[in-house]
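Notes follow once the structure below has been shown.
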Amino acid sequence: VYVLGYSAGGDGVYQIGPRMADRWAAAAMMAGHPNDARPESLRNLPFFIFVGGDDNGYNRNMVAADWGLRLDLLAASDPGGYPHKTTIYSGLSHWMEGRDREVLPWMAACTRNPWPKEVVWVQNEVTHDRFYWLEIPSGSARKGQLLRATAQGQIITLTSADLHNVMLLLSDALLNLDEPVTVVANGKIIFSGPVFRSAVALVQSLEDRADPSGAACAQLTVTW
């Protein structure tokens with residue numbers, strides 16, 4: 001599933017691209033404005049930016065260039081993350097003469113990864129409780145909260161100054177559930193032991209989100 005938006009639709013892609021990055025295979029923003037959106041949650045989502053060089057309404061051209069630079073910096077500091085491409089068409093204004101259609105074959109080559117080994121989750125103005133294989137208690141989300149999670153071998157590492165309770169939605173697509181799992185939060189081991197697959201976890205995951213490829217067959221709630 002891909003998301004594209006032009007003008008006000010581009011505003012929407014800036015918003016729902018990061019917010020729902022775990023739902024899309026790729027996202028393309030054309031001639032929009034991000035308002036208060038942030039790019040950190042785009043770590044695993046190919047994100048394409050298109051704007052006319054003369055599209056100065058609401059400073060769309062300058063803001064798009066700034067977002068491109070921000071994504072450049074994020075990608076440089078996180079090898080393998082933040083796939084993106086920024087295209088600014090010199091001499092074109094709000095209408096890009098359809099040249100932005102070049103994104104279609106690029107997007108079509110992208111597939112969604114529902115089980116990335118590294119996740120960066122930043123809450124924006126519209127909060128949500130689940131992102132990839134992470135879930136937080138209902139009602140606990142606040143704008144600006146940041147949670148970083150990695151899965152390396154059998155070790156899951158969580159880093160957050162804002163959250164202290166997370167449910168891990170696990171699958172053999174992420175790690176080997178036949179082996180013990182260790183969870184480290186903010187540098188401290190908070191769990192070490194087996195995590196068991198269960199039909200209950202699988203059914204609940206599918207009821208929460210009808211997404212077979214992203215369905216979790218085990219759950220582990222950790223507190224620190």
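Identifiers in the structure tokens: chain A, B, ... in order shown; residue index from 1 per chain; ligand index from 1 in order shown.
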
Polymer residues at most 10 Å from A:Phe196, only C-alpha atoms, same-chain spacing of 3 or more positions, as a PyMOL selection string: chain A and resi 170+177-180+193+201+217-220

Which of stretch 33-94 of chain A fall in strand (DSSP E), as a list of chain:residue names: A:Phe47, A:Phe48, A:Ile49, A:Phe50, A:Val51, A:Gly52, A:His84, A:Lys85, A:Thr86, A:Thr87, A:Ile88, A:Tyr89

DSSP helix (DSSP H, G or I) selection over stretch 2-201 of chain A, as a count of residues only: 49

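Candidate residues A:Ile190, A:Val166, A:Val120, A:Val126 were compared for distance to A:Asp36, and the nearest is A:Val126, using only C-alpha atoms.
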
Can you pull out the residues contacting stretch 127-129 of chain A? Cut-off 10 Å, using only C-alpha atoms, and skip same-chain residues under 2 positions away; I want them as an mmCIF file with all heavy atoms, in the first residue's frame.
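This went into part_20.cif:
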```
data_model
loop_
_atom_site.group_PDB
_atom_site.id
_atom_site.type_symbol
_atom_site.label_atom_id
_atom_site.label_comp_id
_atom_site.auth_asym_id
_atom_site.auth_seq_id
_atom_site.Cartn_x
_atom_site.Cartn_y
_atom_site.Cartn_z
ATOM 1 N N ARG A 19 3.366 9.171 10.952
ATOM 2 C CA ARG A 19 2.434 8.654 11.958
ATOM 3 C C ARG A 19 2.063 7.210 11.688
ATOM 4 O O ARG A 19 1.883 6.413 12.618
ATOM 5 C CB ARG A 19 1.170 9.513 11.982
ATOM 6 C CG ARG A 19 0.180 9.148 13.068
ATOM 7 C CD ARG A 19 -1.117 9.932 12.901
ATOM 8 N NE ARG A 19 -0.854 11.348 12.686
ATOM 9 C CZ ARG A 19 -1.700 12.175 12.067
ATOM 10 N NH1 ARG A 19 -2.865 11.722 11.597
ATOM 11 N NH2 ARG A 19 -1.403 13.451 11.925
ATOM 12 N N MET A 20 1.933 6.843 10.414
ATOM 13 C CA MET A 20 1.515 5.497 10.038
ATOM 14 C C MET A 20 2.582 4.812 9.191
ATOM 15 O O MET A 20 2.274 4.039 8.288
ATOM 16 C CB MET A 20 0.187 5.566 9.277
ATOM 17 C CG MET A 20 -0.946 6.200 10.067
ATOM 18 S SD MET A 20 -2.455 6.398 9.087
ATOM 19 C CE MET A 20 -2.896 4.684 8.791
ATOM 20 N N VAL A 122 8.099 8.530 17.288
ATOM 21 C CA VAL A 122 7.834 9.838 17.879
ATOM 22 C C VAL A 122 6.343 10.127 17.735
ATOM 23 O O VAL A 122 5.797 10.054 16.625
ATOM 24 C CB VAL A 122 8.656 10.954 17.199
ATOM 25 C CG1 VAL A 122 8.273 12.321 17.769
ATOM 26 C CG2 VAL A 122 10.145 10.713 17.399
ATOM 27 N N GLN A 123 5.688 10.451 18.822
ATOM 28 C CA GLN A 123 4.269 10.795 18.776
ATOM 29 C C GLN A 123 4.110 12.217 18.238
ATOM 30 O O GLN A 123 4.784 13.145 18.695
ATOM 31 C CB GLN A 123 3.652 10.727 20.174
ATOM 32 C CG GLN A 123 3.669 9.365 20.812
ATOM 33 C CD GLN A 123 2.557 8.448 20.316
ATOM 34 O OE1 GLN A 123 1.743 8.815 19.463
ATOM 35 N NE2 GLN A 123 2.513 7.252 20.857
ATOM 36 N N ASN A 124 3.208 12.375 17.265
ATOM 37 C CA ASN A 124 2.896 13.736 16.822
ATOM 38 C C ASN A 124 1.576 14.173 17.453
ATOM 39 O O ASN A 124 1.126 13.604 18.428
ATOM 40 C CB ASN A 124 2.913 13.847 15.297
ATOM 41 C CG ASN A 124 1.794 13.061 14.638
ATOM 42 O OD1 ASN A 124 0.917 12.513 15.289
ATOM 43 N ND2 ASN A 124 1.832 12.996 13.319
ATOM 44 N N GLU A 125 0.968 15.188 16.895
ATOM 45 C CA GLU A 125 -0.219 15.768 17.539
ATOM 46 C C GLU A 125 -1.360 14.767 17.652
ATOM 47 O O GLU A 125 -2.112 14.766 18.629
ATOM 48 C CB GLU A 125 -0.673 17.005 16.759
ATOM 49 C CG GLU A 125 -1.744 17.801 17.461
ATOM 50 C CD GLU A 125 -1.984 19.140 16.787
ATOM 51 O OE1 GLU A 125 -1.239 20.089 17.059
ATOM 52 O OE2 GLU A 125 -2.912 19.205 15.976
ATOM 53 N N PHE A 131 2.894 0.916 17.102
ATOM 54 C CA PHE A 131 3.755 1.260 15.978
ATOM 55 C C PHE A 131 4.693 0.081 15.753
ATOM 56 O O PHE A 131 5.471 -0.276 16.638
ATOM 57 C CB PHE A 131 4.540 2.532 16.306
ATOM 58 C CG PHE A 131 5.234 3.167 15.135
ATOM 59 C CD1 PHE A 131 4.516 3.597 14.030
ATOM 60 C CD2 PHE A 131 6.607 3.360 15.142
ATOM 61 C CE1 PHE A 131 5.151 4.211 12.964
ATOM 62 C CE2 PHE A 131 7.247 3.972 14.080
ATOM 63 C CZ PHE A 131 6.523 4.406 12.984
ATOM 64 N N LEU A 134 5.668 -2.456 18.633
ATOM 65 C CA LEU A 134 5.625 -1.788 19.932
ATOM 66 C C LEU A 134 4.210 -1.312 20.232
ATOM 67 O O LEU A 134 3.516 -0.811 19.338
ATOM 68 C CB LEU A 134 6.563 -0.583 19.924
ATOM 69 C CG LEU A 134 8.024 -0.859 19.568
ATOM 70 C CD1 LEU A 134 8.754 0.447 19.303
ATOM 71 C CD2 LEU A 134 8.712 -1.656 20.669
ATOM 72 N N GLU A 135 3.792 -1.457 21.480
ATOM 73 C CA GLU A 135 2.483 -0.968 21.894
ATOM 74 C C GLU A 135 2.604 -0.389 23.300
ATOM 75 O O GLU A 135 3.314 -0.941 24.154
ATOM 76 C CB GLU A 135 1.450 -2.092 21.876
ATOM 77 C CG GLU A 135 0.028 -1.634 22.151
ATOM 78 C CD GLU A 135 -1.002 -2.728 21.924
ATOM 79 O OE1 GLU A 135 -0.785 -3.583 21.040
ATOM 80 O OE2 GLU A 135 -2.011 -2.732 22.646
ATOM 81 N N ILE A 136 1.923 0.739 23.527
ATOM 82 C CA ILE A 136 1.941 1.362 24.846
ATOM 83 C C ILE A 136 0.523 1.362 25.413
ATOM 84 O O ILE A 136 -0.451 1.234 24.660
ATOM 85 C CB ILE A 136 2.516 2.795 24.794
ATOM 86 C CG1 ILE A 136 1.666 3.689 23.876
ATOM 87 C CG2 ILE A 136 3.967 2.766 24.343
ATOM 88 C CD1 ILE A 136 2.132 5.142 23.857
ATOM 89 N N PRO A 137 0.377 1.475 26.741
ATOM 90 C CA PRO A 137 -0.971 1.431 27.333
ATOM 91 C C PRO A 137 -1.889 2.499 26.750
ATOM 92 O O PRO A 137 -1.469 3.634 26.510
ATOM 93 C CB PRO A 137 -0.699 1.680 28.818
ATOM 94 C CG PRO A 137 0.703 1.231 29.031
ATOM 95 C CD PRO A 137 1.430 1.573 27.764
ATOM 96 N N SER A 138 -3.131 2.122 26.540
ATOM 97 C CA SER A 138 -4.121 3.058 25.999
ATOM 98 C C SER A 138 -4.217 4.296 26.884
ATOM 99 O O SER A 138 -4.301 4.192 28.111
ATOM 100 C CB SER A 138 -5.489 2.376 25.907
ATOM 101 O OG SER A 138 -6.465 3.266 25.429
ATOM 102 N N GLY A 139 -4.189 5.458 26.246
ATOM 103 C CA GLY A 139 -4.315 6.711 26.972
ATOM 104 C C GLY A 139 -3.012 7.282 27.488
ATOM 105 O O GLY A 139 -2.994 8.379 28.047
ATOM 106 N N SER A 140 -1.892 6.555 27.304
ATOM 107 C CA SER A 140 -0.616 7.038 27.839
ATOM 108 C C SER A 140 0.181 7.862 26.836
ATOM 109 O O SER A 140 1.182 8.477 27.204
ATOM 110 C CB SER A 140 0.235 5.853 28.322
ATOM 111 O OG SER A 140 0.635 5.040 27.234
ATOM 112 N N ALA A 141 -0.236 7.880 25.583
ATOM 113 C CA ALA A 141 0.523 8.593 24.548
ATOM 114 C C ALA A 141 0.390 10.102 24.711
ATOM 115 O O ALA A 141 -0.696 10.619 24.993
ATOM 116 C CB ALA A 141 0.044 8.177 23.161
ATOM 117 N N ARG A 142 1.500 10.796 24.515
ATOM 118 C CA ARG A 142 1.537 12.252 24.562
ATOM 119 C C ARG A 142 2.388 12.767 23.405
ATOM 120 O O ARG A 142 3.383 12.142 23.031
ATOM 121 C CB ARG A 142 2.132 12.744 25.884
ATOM 122 C CG ARG A 142 1.371 12.336 27.134
ATOM 123 C CD ARG A 142 0.028 13.050 27.241
ATOM 124 N NE ARG A 142 -0.662 12.701 28.482
ATOM 125 C CZ ARG A 142 -1.473 11.673 28.626
ATOM 126 N NH1 ARG A 142 -1.710 10.867 27.590
ATOM 127 N NH2 ARG A 142 -2.062 11.421 29.787
ATOM 128 N N LYS A 143 2.002 13.891 22.868
ATOM 129 C CA LYS A 143 2.754 14.489 21.772
ATOM 130 C C LYS A 143 4.218 14.661 22.164
ATOM 131 O O LYS A 143 4.526 15.116 23.261
ATOM 132 C CB LYS A 143 2.155 15.838 21.387
ATOM 133 C CG LYS A 143 2.873 16.537 20.236
ATOM 134 C CD LYS A 143 2.236 17.870 19.916
ATOM 135 C CE LYS A 143 2.997 18.578 18.796
ATOM 136 N NZ LYS A 143 2.399 19.909 18.468
ATOM 137 N N GLY A 144 5.110 14.271 21.263
ATOM 138 C CA GLY A 144 6.534 14.446 21.477
ATOM 139 C C GLY A 144 7.230 13.273 22.127
ATOM 140 O O GLY A 144 8.465 13.245 22.176
ATOM 141 N N GLN A 145 6.494 12.287 22.624
ATOM 142 C CA GLN A 145 7.132 11.126 23.234
ATOM 143 C C GLN A 145 8.016 10.407 22.216
ATOM 144 O O GLN A 145 7.642 10.238 21.055
ATOM 145 C CB GLN A 145 6.086 10.145 23.763
ATOM 146 C CG GLN A 145 5.416 10.587 25.048
ATOM 147 C CD GLN A 145 4.308 9.638 25.466
ATOM 148 O OE1 GLN A 145 3.770 8.879 24.653
ATOM 149 N NE2 GLN A 145 3.924 9.697 26.725
ATOM 150 N N VAL A 166 5.896 -0.774 28.147
ATOM 151 C CA VAL A 166 5.731 -1.086 26.728
ATOM 152 C C VAL A 166 5.374 -2.557 26.580
ATOM 153 O O VAL A 166 5.928 -3.413 27.282
ATOM 154 C CB VAL A 166 7.028 -0.788 25.933
ATOM 155 C CG1 VAL A 166 6.891 -1.236 24.475
ATOM 156 C CG2 VAL A 166 7.379 0.689 25.994
#
```

Of the listed residues A:Arg101, A:Lys188, A:Arg60, A:Lys85, that which approaches A:Phe48 most closely, counting only C-alpha atoms: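 Result for the nearest residue to A:Phe48: A:Lys85.
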
Counting only C-alpha atoms, the option among A:Gly5, A:Gly12, A:Gly98, A:Gly52 closest to A:Met30: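 Of A:Gly5, A:Gly12, A:Gly98, A:Gly52, the one nearest A:Met30 is A:Gly5, counting only C-alpha atoms.
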
Who sits within 10 Å of A:Asn61, only C-alpha atoms, same chain under 4 positions skipped, as a VMD selection string: chain A and resid 31 to 33 50 to 57 65 to 66 88 to 89 93 to 94

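Of note, atom CA of A:Val222 and atom CA of A:Ser41 are spaced 21.8 Å apart.
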
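Take atom CA of A:Trp121 and atom CA of A:Leu146: the distance between them is 5.7 Å.
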
Which residues are near A:Leu73? Cut-off 12 Å, only C-alpha atoms, ignore same chain within fewer than 4 positions. Put them as a PDB file with N, CA and C atoms, in the first residue's frame.
```pdb
ATOM      1  N   PRO A  39      10.153  14.095  11.134  1.00  0.00           N
ATOM      2  CA  PRO A  39      10.546  12.983  10.268  1.00  0.00           C
ATOM      3  C   PRO A  39      11.139  11.767  10.965  1.00  0.00           C
ATOM      4  N   GLU A  40      11.374  11.796  12.274  1.00  0.00           N
ATOM      5  CA  GLU A  40      12.138  10.720  12.910  1.00  0.00           C
ATOM      6  C   GLU A  40      11.507   9.339  12.742  1.00  0.00           C
ATOM      7  N   ARG A  43      12.094   6.122   9.800  1.00  0.00           N
ATOM      8  CA  ARG A  43      13.320   5.346   9.665  1.00  0.00           C
ATOM      9  C   ARG A  43      13.204   4.202   8.663  1.00  0.00           C
ATOM     10  N   ASP A  66      14.483  21.835   3.511  1.00  0.00           N
ATOM     11  CA  ASP A  66      14.888  21.621   4.898  1.00  0.00           C
ATOM     12  C   ASP A  66      14.602  20.189   5.328  1.00  0.00           C
ATOM     13  N   TRP A  67      13.427  19.663   4.967  1.00  0.00           N
ATOM     14  CA  TRP A  67      13.110  18.279   5.307  1.00  0.00           C
ATOM     15  C   TRP A  67      14.081  17.325   4.637  1.00  0.00           C
ATOM     16  N   GLY A  68      14.454  17.612   3.395  1.00  0.00           N
ATOM     17  CA  GLY A  68      15.435  16.781   2.719  1.00  0.00           C
ATOM     18  C   GLY A  68      16.752  16.755   3.469  1.00  0.00           C
ATOM     19  N   LEU A  69      17.182  17.912   3.955  1.00  0.00           N
ATOM     20  CA  LEU A  69      18.421  17.978   4.727  1.00  0.00           C
ATOM     21  C   LEU A  69      18.293  17.242   6.054  1.00  0.00           C
ATOM     22  N   SER A  77      23.437   9.480  10.220  1.00  0.00           N
ATOM     23  CA  SER A  77      23.700   9.054  11.591  1.00  0.00           C
ATOM     24  C   SER A  77      23.141   7.668  11.893  1.00  0.00           C
ATOM     25  N   ASP A  78      22.421   7.076  10.937  1.00  0.00           N
ATOM     26  CA  ASP A  78      21.755   5.793  11.164  1.00  0.00           C
ATOM     27  C   ASP A  78      21.852   4.961   9.887  1.00  0.00           C
ATOM     28  N   PRO A  79      23.013   4.375   9.607  1.00  0.00           N
ATOM     29  CA  PRO A  79      23.198   3.619   8.360  1.00  0.00           C
ATOM     30  C   PRO A  79      22.123   2.553   8.173  1.00  0.00           C
ATOM     31  N   GLY A  81      19.026   3.300   7.581  1.00  0.00           N
ATOM     32  CA  GLY A  81      17.731   3.902   7.875  1.00  0.00           C
ATOM     33  C   GLY A  81      17.453   5.113   7.016  1.00  0.00           C
ATOM     34  N   TYR A  82      16.216   5.536   7.026  1.00  0.00           N
ATOM     35  CA  TYR A  82      15.739   6.758   6.380  1.00  0.00           C
ATOM     36  C   TYR A  82      15.988   6.794   4.858  1.00  0.00           C
ATOM     37  N   PRO A  83      15.513   5.778   4.129  1.00  0.00           N
ATOM     38  CA  PRO A  83      15.604   5.855   2.672  1.00  0.00           C
ATOM     39  C   PRO A  83      14.731   7.009   2.168  1.00  0.00           C
ATOM     40  N   HIS A  84      15.287   7.864   1.337  1.00  0.00           N
ATOM     41  CA  HIS A  84      14.525   9.032   0.890  1.00  0.00           C
ATOM     42  C   HIS A  84      15.154   9.627  -0.361  1.00  0.00           C
TER      43      HIS A  84
END
```

Between atom CA of A:Ala173 and atom CA of A:Val13 - distance in Å to one decimal: 28.3 Å

Spatial neighbours of A:Arg148, max dist 6 Å, only C-alpha atoms, sep filter under 5 positions, as number ranges by chain: A: 119-120, 158-159

If you count only C-alpha atoms, which residues fall within 9 Å of A:Ala108, apart from same-chain ones fewer than 5 positions away, as a PDB file with C-alpha atoms, in the first residue's frame?
```pdb
ATOM      1  CA  TYR A   2       1.431   3.360  -1.052  1.00  0.00           C
ATOM      2  CA  ALA A  25       5.382   0.463   1.563  1.00  0.00           C
ATOM      3  CA  ALA A  26       6.425   3.985   0.481  1.00  0.00           C
ATOM      4  CA  VAL A 103       8.144   8.543  -8.441  1.00  0.00           C
TER       5      VAL A 103
END
```

Could the residues of stretch 115-162 of chain A that have an atom at most 9 Å from stretch 211-216 of chain A be listed as JSON lines, each with its closest atom pair and the distance in Å to one decimal, counting only C-alpha atoms and ordered by chain and ascending residue number?
```
{"residue": "A:Trp115", "atom": "CA", "partner": "A:Gly214", "partner_atom": "CA", "distance": 7.1}
{"residue": "A:Tyr132", "atom": "CA", "partner": "A:Gly214", "partner_atom": "CA", "distance": 7.8}
{"residue": "A:Trp133", "atom": "CA", "partner": "A:Ala216", "partner_atom": "CA", "distance": 7.8}
```

Please, could you write that set of residues out with N, CA and C atoms as an mmCIF file, in the first residue's frame?
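Wrote part_30.cif, looks like this:
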```
data_model
loop_
_atom_site.group_PDB
_atom_site.id
_atom_site.type_symbol
_atom_site.label_atom_id
_atom_site.label_comp_id
_atom_site.auth_asym_id
_atom_site.auth_seq_id
_atom_site.Cartn_x
_atom_site.Cartn_y
_atom_site.Cartn_z
ATOM 1 N N TRP A 115 8.422 -5.970 10.190
ATOM 2 C CA TRP A 115 9.245 -6.389 11.326
ATOM 3 C C TRP A 115 10.664 -5.820 11.216
ATOM 4 N N TYR A 132 4.586 -0.556 14.568
ATOM 5 C CA TYR A 132 5.328 -1.775 14.286
ATOM 6 C C TYR A 132 5.090 -2.786 15.412
ATOM 7 N N TRP A 133 6.150 -3.238 16.089
ATOM 8 C CA TRP A 133 6.021 -4.288 17.117
ATOM 9 C C TRP A 133 6.056 -3.721 18.526
#
```
